[in-house]
Amino acid sequence: MSIKNNLEYIEKLKGEAAIRSGRKPEDVLLCAVTKTHGVDEINEAIDCGVTDIGENKVQEIMDKYEFVKPVKWHLIGHLQTNKVKYIIDKVDMIHSVDSLHLAKEIDKRAKAKDLTMKILVQVNSAMEESKFGVTVEETKQLIMDILEQCPNIKICGMMCIAPFEEDVDDARPFFAEVKKLYDEYSKISHPMLDFKYLSMGMSNDFEVAIEEGSNLVRVGTAIFGARDYSL
């Protein structure tokens, strides 16, 4: 299957899942994850209509940025504070903010560039030790601290990575818990809080994530094929 055919199939599944959840297909944004994939593949996806791409690593953004056609970049992987300065003026949104320490660095670098950085708070609803993110219980404090201490950050929602399950329905409770949090905090009125995005779901579970309320899915393998980690 070509990238074009894969994208058409993903869009079909995404749209059907959105309709099942009472929304329109266009209400769910597809972020194409380009980890380990080359510039030619990324540009082909952009030619096929992809508007947003996600990278896990700062170095890959740096290596590809000037060679990729105009597109919105998302940093979706764990971000180290010493790497923030390299991508602060390149990415449209950072999905993986899970500490005030990181938020303060993002805020400092955003202020230096005279910009406001959009972020998502990463919630580890399954409390998996192998994954980053704050616990459900820690979420409120982190949001309040960022709003109070980081004026150059706009909190635009939440992100989570559910455990990999053989039966994707087993991931539903983890998505549902974050959706409940998202709905709770989206009611708060604050100029730097604008809950637009609930980033949940990847190649193996994005349909279930959409059914549980996700409006931004991060899909890589199902578009580009298996990753080559030797690159």
# chains A, B, ... in the order shown; residues from 1 in each chain; ligands from 1
$ residues_around --residues "range 185-191 of chain A" --least-positions-apart "4" --cutoff "9 Å" --atoms "only C-alpha atoms" --output "NGL selection string"
:A and (140 or 143 or 147 or 154 or 157 or 180-181 or 195-196)
$ select_by_dssp --residues "range 59-168 of chain A" --states "strand (DSSP E or B)" --output "PyMOL selection string"
chain A and resi 72-75+93-97+117-123+134+153-160
$ write_last_selection --atoms "C-alpha atoms" --output "PDB file, in the first residue's frame"
ATOM      1  CA  LYS A  72       2.787  22.279  11.482  1.00  0.00           C
ATOM      2  CA  TRP A  73       5.315  20.434  13.643  1.00  0.00           C
ATOM      3  CA  HIS A  74       4.400  18.752  16.935  1.00  0.00           C
ATOM      4  CA  LEU A  75       6.923  17.524  19.500  1.00  0.00           C
ATOM      5  CA  MET A  93       2.781  22.559  19.901  1.00  0.00           C
ATOM      6  CA  ILE A  94       4.531  20.442  22.535  1.00  0.00           C
ATOM      7  CA  HIS A  95       2.407  17.457  23.616  1.00  0.00           C
ATOM      8  CA  SER A  96       4.546  16.056  26.382  1.00  0.00           C
ATOM      9  CA  VAL A  97       4.753  18.564  29.244  1.00  0.00           C
ATOM     10  CA  MET A 117       4.103  28.214  23.084  1.00  0.00           C
ATOM     11  CA  LYS A 118       1.097  25.935  22.934  1.00  0.00           C
ATOM     12  CA  ILE A 119       1.415  22.840  25.094  1.00  0.00           C
ATOM     13  CA  LEU A 120      -0.511  19.794  26.197  1.00  0.00           C
ATOM     14  CA  VAL A 121      -0.201  18.284  29.658  1.00  0.00           C
ATOM     15  CA  GLN A 122       0.775  14.618  29.421  1.00  0.00           C
ATOM     16  CA  VAL A 123      -1.286  12.446  31.747  1.00  0.00           C
ATOM     17  CA  VAL A 134       1.733  13.158  35.537  1.00  0.00           C
ATOM     18  CA  ILE A 153       2.640  29.189  27.712  1.00  0.00           C
ATOM     19  CA  LYS A 154      -0.894  28.479  26.566  1.00  0.00           C
ATOM     20  CA  ILE A 155      -2.293  25.162  27.803  1.00  0.00           C
ATOM     21  CA  CYS A 156      -4.339  23.750  24.933  1.00  0.00           C
ATOM     22  CA  GLY A 157      -5.398  20.399  26.377  1.00  0.00           C
ATOM     23  CA  MET A 158      -4.061  17.011  27.369  1.00  0.00           C
ATOM     24  CA  MET A 159      -2.214  14.061  25.913  1.00  0.00           C
ATOM     25  CA  CYS A 160      -1.957  10.448  26.985  1.00  0.00           C
TER      26      CYS A 160
END
$ closest_residue --among "A:His37, A:Cys31, A:Phe174, A:Tyr182" --to "Val71 in chain A" --atoms "only C-alpha atoms"
A:Cys31
$ residues_around --residues "range 42-47 of chain A" --least-positions-apart "2" --cutoff "9 Å" --atoms "only C-alpha atoms" --output "PDB file with N, CA and C atoms, in the first residue's frame"
ATOM      1  N   ILE A   3       1.651   5.438   0.585  1.00  0.00           N
ATOM      2  CA  ILE A   3       1.326   6.416   1.616  1.00  0.00           C
ATOM      3  C   ILE A   3      -0.034   7.037   1.333  1.00  0.00           C
ATOM      4  N   LYS A   4      -0.288   7.338   0.074  1.00  0.00           N
ATOM      5  CA  LYS A   4      -1.579   7.927  -0.312  1.00  0.00           C
ATOM      6  C   LYS A   4      -2.729   6.996   0.045  1.00  0.00           C
ATOM      7  N   LEU A   7      -3.161   6.754   3.846  1.00  0.00           N
ATOM      8  CA  LEU A   7      -3.801   7.950   4.396  1.00  0.00           C
ATOM      9  C   LEU A   7      -5.304   7.949   4.128  1.00  0.00           C
ATOM     10  N   ALA A  32       0.451  13.087  11.636  1.00  0.00           N
ATOM     11  CA  ALA A  32       1.235  11.987  11.064  1.00  0.00           C
ATOM     12  C   ALA A  32       2.598  11.916  11.749  1.00  0.00           C
ATOM     13  N   THR A  34       6.292  10.934  12.110  1.00  0.00           N
ATOM     14  CA  THR A  34       7.310  10.683  11.093  1.00  0.00           C
ATOM     15  C   THR A  34       8.628  10.167  11.667  1.00  0.00           C
ATOM     16  N   HIS A  37      11.359   8.235   9.697  1.00  0.00           N
ATOM     17  CA  HIS A  37      11.035   8.272   8.260  1.00  0.00           C
ATOM     18  C   HIS A  37      11.663   9.495   7.609  1.00  0.00           C
ATOM     19  N   GLY A  38      12.011   9.333   6.330  1.00  0.00           N
ATOM     20  CA  GLY A  38      12.779  10.350   5.623  1.00  0.00           C
ATOM     21  C   GLY A  38      11.956  11.506   5.091  1.00  0.00           C
ATOM     22  N   VAL A  39      12.691  12.511   4.633  1.00  0.00           N
ATOM     23  CA  VAL A  39      12.082  13.746   4.139  1.00  0.00           C
ATOM     24  C   VAL A  39      11.181  13.476   2.937  1.00  0.00           C
ATOM     25  N   ASP A  40      11.593  12.603   2.037  1.00  0.00           N
ATOM     26  CA  ASP A  40      10.787  12.325   0.847  1.00  0.00           C
ATOM     27  C   ASP A  40       9.427  11.735   1.226  1.00  0.00           C
ATOM     28  N   GLY A  49      -2.095  15.757   1.621  1.00  0.00           N
ATOM     29  CA  GLY A  49      -3.033  16.479   2.462  1.00  0.00           C
ATOM     30  C   GLY A  49      -2.711  16.569   3.942  1.00  0.00           C
ATOM     31  N   VAL A  50      -1.622  15.920   4.389  1.00  0.00           N
ATOM     32  CA  VAL A  50      -1.245  16.007   5.801  1.00  0.00           C
ATOM     33  C   VAL A  50      -0.842  17.439   6.145  1.00  0.00           C
ATOM     34  N   THR A  51      -1.408  17.971   7.211  1.00  0.00           N
ATOM     35  CA  THR A  51      -1.125  19.349   7.630  1.00  0.00           C
ATOM     36  C   THR A  51      -0.296  19.428   8.903  1.00  0.00           C
ATOM     37  N   ASP A  52      -0.239  18.318   9.655  1.00  0.00           N
ATOM     38  CA  ASP A  52       0.443  18.294  10.945  1.00  0.00           C
ATOM     39  C   ASP A  52       1.280  17.032  11.042  1.00  0.00           C
ATOM     40  N   ILE A  53       2.540  17.193  11.464  1.00  0.00           N
ATOM     41  CA  ILE A  53       3.392  16.017  11.657  1.00  0.00           C
ATOM     42  C   ILE A  53       3.969  16.039  13.065  1.00  0.00           C
ATOM     43  N   PHE A  67      14.122  20.847   5.202  1.00  0.00           N
ATOM     44  CA  PHE A  67      13.895  20.106   3.965  1.00  0.00           C
ATOM     45  C   PHE A  67      12.439  19.686   3.771  1.00  0.00           C
ATOM     46  N   VAL A  68      11.631  19.912   4.779  1.00  0.00           N
ATOM     47  CA  VAL A  68      10.223  19.507   4.733  1.00  0.00           C
ATOM     48  C   VAL A  68       9.363  20.688   4.292  1.00  0.00           C
ATOM     49  N   LYS A  69       8.357  20.396   3.487  1.00  0.00           N
ATOM     50  CA  LYS A  69       7.446  21.429   2.990  1.00  0.00           C
ATOM     51  C   LYS A  69       6.685  22.067   4.152  1.00  0.00           C
ATOM     52  N   PRO A  70       6.098  23.239   3.936  1.00  0.00           N
ATOM     53  CA  PRO A  70       5.372  23.922   5.027  1.00  0.00           C
ATOM     54  C   PRO A  70       4.332  23.021   5.685  1.00  0.00           C
ATOM     55  N   VAL A  71       4.429  22.909   7.012  1.00  0.00           N
ATOM     56  CA  VAL A  71       3.582  21.998   7.776  1.00  0.00           C
ATOM     57  C   VAL A  71       3.673  22.417   9.242  1.00  0.00           C
ATOM     58  N   ILE A 223       0.555   4.725   8.518  1.00  0.00           N
ATOM     59  CA  ILE A 223       0.710   5.573   7.332  1.00  0.00           C
ATOM     60  C   ILE A 223       1.978   5.220   6.571  1.00  0.00           C
ATOM     61  N   PHE A 224       3.098   5.145   7.294  1.00  0.00           N
ATOM     62  CA  PHE A 224       4.400   5.021   6.644  1.00  0.00           C
ATOM     63  C   PHE A 224       4.975   3.614   6.650  1.00  0.00           C
TER      64      PHE A 224
END
$ residues_around --residues "Arg20 in chain A" --least-positions-apart "4" --cutoff "12 Å" --atoms "only C-alpha atoms" --output "PyMOL selection string"
chain A and resi 13-16+24-25+207-213
$ atom_distance --atom1 "CA of Thr116 in chain A" --atom2 "CA of Leu100 in chain A"
16.4 Å
$ atom_distance --atom1 "CA of Arg218 in chain A" --atom2 "CA of Gly201 in chain A"
6.1 Å
$ atom_distance --atom1 "CA of Val84 in chain A" --atom2 "CA of Ile106 in chain A"
6.3 Å
$ closest_residue --among "A:Asn56, A:Glu166, A:Tyr65, A:Pro173" --to "Gln80 in chain A" --atoms "only C-alpha atoms"
A:Asn56
$ closest_residue --among "A:Val33, A:Ala176, A:Cys48, A:Ala171" --to "Ile61 in chain A" --atoms "only C-alpha atoms"
A:Val33
$ closest_residue --among "A:His78, A:Lys12, A:Arg172, A:Gln149" --to "Lys131 in chain A" --atoms "only C-alpha atoms"
A:His78
$ select_by_dssp --residues "range 63-120 of chain A" --states "alpha helix (DSSP H)" --output "list in words"
Asp63, Lys64, Val84, Lys85, Tyr86, Ile87, Leu100, His101, Leu102, Ala103, Lys104, Glu105, Ile106, Asp107, Lys108, Arg109, Ala110, Lys111 and Ala112 of chain A
$ closest_residue --among "A:Asp194, A:Ala222, A:Asp205, A:Glu66" --to "Asp170 in chain A" --atoms "only C-alpha atoms"
A:Asp205
